[in-house]
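Shown next, in structure tokens, is the structure this report addresses.
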Amino acid sequence: MRIATWNVNSLNVRLPHVLDWLERNPVEVLALQETKVADDRFPAAELEAAGYRAHFIGQKTYNGVALLVRLATPASAIVADIPGFEDDQKRVVSATIDGVRVVCVYVPNGQAVGSDKYAYKLRWMSALKDWLAAELVVHPKLVVVGDFNVAPEDRDVHDPAAWEGQVLCSAAERDALRAIESIGLADAFRLFEQPPGSFTWWDYRMLGFQKGRGLRIDHVLVSDAIRSACTACTVDRDERKKKQPSDHAPVIATFAS
DNA sequence: ATGGCAATGTTTCATTGA
């Protein structure tokens with residue numbers, strides 16, 4: 001089974017990219033973030049025609065997440081949001097897919113260290129951790145994917161000195177991500193040898209991609225019970241080269257069945 | 001030189017993202 005995650009920065013704009021990508025990468029699961037589309041306008045029919053059932057929760061303009069699952073792959077127990085956590089923003093959708101609990105998250109950006117949005121981000125990550133810890137008890141085979149908006153280490157940052165202490169890289173955010181991992185989740189990307197300068201997001205400005213100035217902020221976290229089945233985790237950097245790309249590239253994890 | 005891009009709705013700017 002292959003599980004991919006991709007912040008598409010508007011599914012309305014990126015639907016052709018997604019359909020094209022799925023045709024070339026017929027993964028069992030594609031988790032999307034920043035769909036920016038209300039549920040009654042979600043392009044479910046187009047995706048179904050491409051062979052994928054969509055499970056989604058969204059809102060206009062901001063946020064919005066989806067799990068696209070191949071029609072032949074069983075999916076059940078769809079849950080939206082973090083149960084018990086009061087939040088107007090649509091950032092989480094989960095499903096049990098072929099025996100694996102898959103959680104798709106869009107962690108808040110945080111805007112700037114010390115801002116209200118930063119406080120919300122830390123509160124949100126804490127709630128996510130508590131909820132995932134309980135989920136892990138019920139679902140030992142757990143995979144949490146998405147845009148975490150945190151670069152875990154300096155090697156995940158093109159210019160660590162310039163980013164030191166900034167939002168996405170601050171100590172409190174890194175601690176919050178480590179706390180999530182501490183419940184029993186491993187960063188699948190780091191289970192394998194990776195080229196230096198591997199990133200998942202590049203700023204649209206300043207020729208960020210062309211200059212290799214990026215961050216690794218999109219992640220696949222795997223529980224102990226499924227970790228040994230994970231055989232690869234890669235970034236599809238080529239997608240960022242395309243015309244009118246998302247500023248994020250897809251991340252793909254492969255699991256032996 | 002500390003900007004720069006892209007998407008969206010409140011649209012011809014302001015807001016947000018990262």
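Each chain in the structure tokens gets a letter, A, B, ..., in the order shown, and its residues are numbered from 1; ligands are numbered from 1 in order too.
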
(message) Please identify the helix (DSSP H, G or I) residues within segment 183-222 of chain A (assignment by DSSP from backbone atoms) and present them as a ChimeraX atom specification.
(response) /A:188-191,205-207

Please write the residues from the selection above to a file, keeping C-alpha atoms, as a PDB file, in the first residue's frame.
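And here's out-v1.pdb as it stands now:
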```
ATOM      1  CA  ALA A 188       8.996   7.806   8.082  1.00  0.00           C
ATOM      2  CA  PHE A 189      11.234  10.029   5.956  1.00  0.00           C
ATOM      3  CA  ARG A 190      14.094   9.603   8.417  1.00  0.00           C
ATOM      4  CA  LEU A 191      13.805   5.824   8.503  1.00  0.00           C
ATOM      5  CA  ARG A 205       8.795  34.273  -3.973  1.00  0.00           C
ATOM      6  CA  MET A 206      12.490  34.834  -4.516  1.00  0.00           C
ATOM      7  CA  LEU A 207      12.772  31.896  -6.933  1.00  0.00           C
TER       8      LEU A 207
END
```

(request) Would you list the contacts of DC5 of chain B as a ChimeraX atom specification, taking every protein, DNA or RNA residue within 12 Å and counting only C-alpha atoms (C1' of nucleotides), but skipping same-chain residues closer than 3 positions in sequence? (result) /A:202-209,244-247 /B:17-18

For C-alpha atoms (C1' of nucleotides), I'd like the residues from the last selection saved as a CSV table (one decimal), in the first residue's frame.
```csv
chain,number,residue,atom,x,y,z
A,202,TRP,CA,9.4,26.2,-1.3
A,203,ASP,CA,8.3,29.9,-1.2
A,204,TYR,CA,6.7,31.1,-4.4
A,205,ARG,CA,8.8,34.3,-4.0
A,206,MET,CA,12.5,34.8,-4.5
A,207,LEU,CA,12.8,31.9,-6.9
A,208,GLY,CA,12.7,29.8,-3.8
A,209,PHE,CA,12.4,26.5,-5.6
A,244,GLN,CA,1.1,26.8,-11.7
A,245,PRO,CA,2.3,24.4,-9.0
A,246,SER,CA,1.3,24.1,-5.4
A,247,ASP,CA,4.1,25.5,-3.2
B,17,DG,C1',0.0,31.4,3.9
B,18,DA,C1',5.0,29.6,5.2
```

(request) State, in Å with one decimal place, the distance from atom CA of Ala179 of chain A to atom CA of Trp131 of chain A. (result)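 We find that atom CA of Ala179 of chain A and atom CA of Trp131 of chain A lie 12.3 Å from each other.
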
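Remark: for Arg227 of chain A, the closest of the candidate residues A:Asn9, A:Gln59, A:Ser170, A:Ser257 is A:Ser257 (distances computed over only C-alpha atoms).
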
Using only C-alpha atoms (C1' of nucleotides), tabulate the residues of chain B lying at most 10 Å from any atom of chain A, each with its closest atom pair and that distance in Å to one decimal, by chain and increasing residue number, as JSON lines.
```
{"residue": "B:DG3", "atom": "C1'", "partner": "A:Met206", "partner_atom": "CA", "distance": 9.1}
{"residue": "B:DG4", "atom": "C1'", "partner": "A:Arg205", "partner_atom": "CA", "distance": 5.3}
{"residue": "B:DC5", "atom": "C1'", "partner": "A:Arg205", "partner_atom": "CA", "distance": 4.7}
{"residue": "B:DA6", "atom": "C1'", "partner": "A:Tyr204", "partner_atom": "CA", "distance": 7.3}
{"residue": "B:DA7", "atom": "C1'", "partner": "A:Ser10", "partner_atom": "CA", "distance": 7.2}
{"residue": "B:DT8", "atom": "C1'", "partner": "A:Thr61", "partner_atom": "CA", "distance": 5.6}
{"residue": "B:DG9", "atom": "C1'", "partner": "A:Thr61", "partner_atom": "CA", "distance": 7.7}
{"residue": "B:DT16", "atom": "C1'", "partner": "A:Tyr62", "partner_atom": "CA", "distance": 8.5}
{"residue": "B:DG17", "atom": "C1'", "partner": "A:Asn109", "partner_atom": "CA", "distance": 7.3}
{"residue": "B:DA18", "atom": "C1'", "partner": "A:Asn109", "partner_atom": "CA", "distance": 6.9}
```

Just write the chosen residues, C-alpha atoms (C1' of nucleotides), as a PDB file, in the first residue's frame.
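Result written to result.pdb:
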```
ATOM      1  C1'  DG B   3      10.997  43.042  -0.922  1.00  0.00           C
ATOM      2  C1'  DG B   4       9.760  39.465  -3.974  1.00  0.00           C
ATOM      3  C1'  DC B   5       4.339  35.057  -5.051  1.00  0.00           C
ATOM      4  C1'  DA B   6      -0.290  32.898  -5.215  1.00  0.00           C
ATOM      5  C1'  DA B   7      -5.237  32.216  -3.943  1.00  0.00           C
ATOM      6  C1'  DT B   8      -9.342  34.106  -2.164  1.00  0.00           C
ATOM      7  C1'  DG B   9     -13.301  37.110  -1.284  1.00  0.00           C
ATOM      8  C1'  DT B  16      -3.347  34.672   4.673  1.00  0.00           C
ATOM      9  C1'  DG B  17      -0.036  31.365   3.906  1.00  0.00           C
ATOM     10  C1'  DA B  18       4.969  29.558   5.189  1.00  0.00           C
TER      11       DA B  18
END
```

Tell me which protein, DNA and RNA residues are within 9 Å of segment 77-91 of chain A, counting only C-alpha atoms (C1' of nucleotides), leaving out same-chain ones fewer than 2 positions away, and put them as a compact mmCIF listing (two decimals) with C-alpha atoms, in the first residue's frame.
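This went into part_17.txt:
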```
# COMPACT_ATOMS: atom_id res chain seq x y z
CA GLN A 33 -4.60 19.70 2.72
CA GLU A 34 -5.69 23.28 2.02
CA HIS A 55 -13.77 11.67 2.25
CA PHE A 56 -13.51 15.34 3.09
CA ILE A 57 -14.27 18.19 5.42
CA GLY A 58 -13.76 21.73 4.19
CA GLN A 59 -14.69 25.37 4.19
CA TYR A 62 -9.10 28.48 4.11
CA ASN A 63 -8.08 25.04 5.37
CA GLY A 64 -9.97 21.92 4.27
CA VAL A 65 -8.68 18.34 4.15
CA ALA A 75 -12.33 2.50 3.83
CA VAL A 93 -10.07 13.81 8.58
CA SER A 94 -9.44 10.16 9.45
CA ALA A 95 -10.40 6.75 8.12
CA THR A 96 -9.50 3.11 8.53
CA ILE A 97 -8.12 2.07 5.16
CA CYS A 104 -4.80 13.52 7.58
CA VAL A 105 -3.86 16.75 9.33
CA TYR A 106 -3.35 20.37 8.37
CA VAL A 107 -1.56 21.86 11.37
CA PRO A 108 -2.07 25.64 11.78
CA TRP A 124 -3.88 22.67 18.54
CA ALA A 127 -4.80 18.56 21.50
CA LEU A 128 -3.69 16.52 18.49
CA TRP A 131 -6.14 12.60 20.85
```

(message) One number please: atom CA of Glu193 of chain A to atom CA of Trp163 of chain A, in Å, one decimal.
(response)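 These two atoms are separated by 24.4 Å.
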
(request) Could you please determine the separation between atom CA of Ala134 of chain A and atom CA of Ala72 of chain A in Å, to one decimal place? (result)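 If I compute the distance from atom CA of Ala134 of chain A to atom CA of Ala72 of chain A, I get 29.2 Å.
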
(request) Based on DSSP run over this structure's backbone, return all residues of segment 51-153 of chain A in strand (DSSP E), as a PyMOL selection string. (result) chain A and resi 52-57+65-70+75-80+92-97+100-106+142-147

(message) Excluding Pro43 of chain A and its own-chain neighbours fewer than 6 positions away, which residues fall within 10 Å of it when counting only C-alpha atoms (C1' of nucleotides)? Please give them as a ChimeraX atom specification.
(response) /A:11-12,15,37,54

Keeping C-alpha atoms for every residue in the selection just given, could you write it to a file as a PDB file, in the first residue's frame?
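What follows is the written file selection_36.pdb:
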```pdb
ATOM      1  CA  LEU A  11      -8.179  22.043  -4.904  1.00  0.00           C
ATOM      2  CA  ASN A  12     -10.191  24.226  -7.287  1.00  0.00           C
ATOM      3  CA  LEU A  15      -7.630  19.559  -9.471  1.00  0.00           C
ATOM      4  CA  VAL A  37     -13.457  24.320  -0.838  1.00  0.00           C
ATOM      5  CA  ALA A  54     -13.149  11.240  -1.478  1.00  0.00           C
TER       6      ALA A  54
END
```
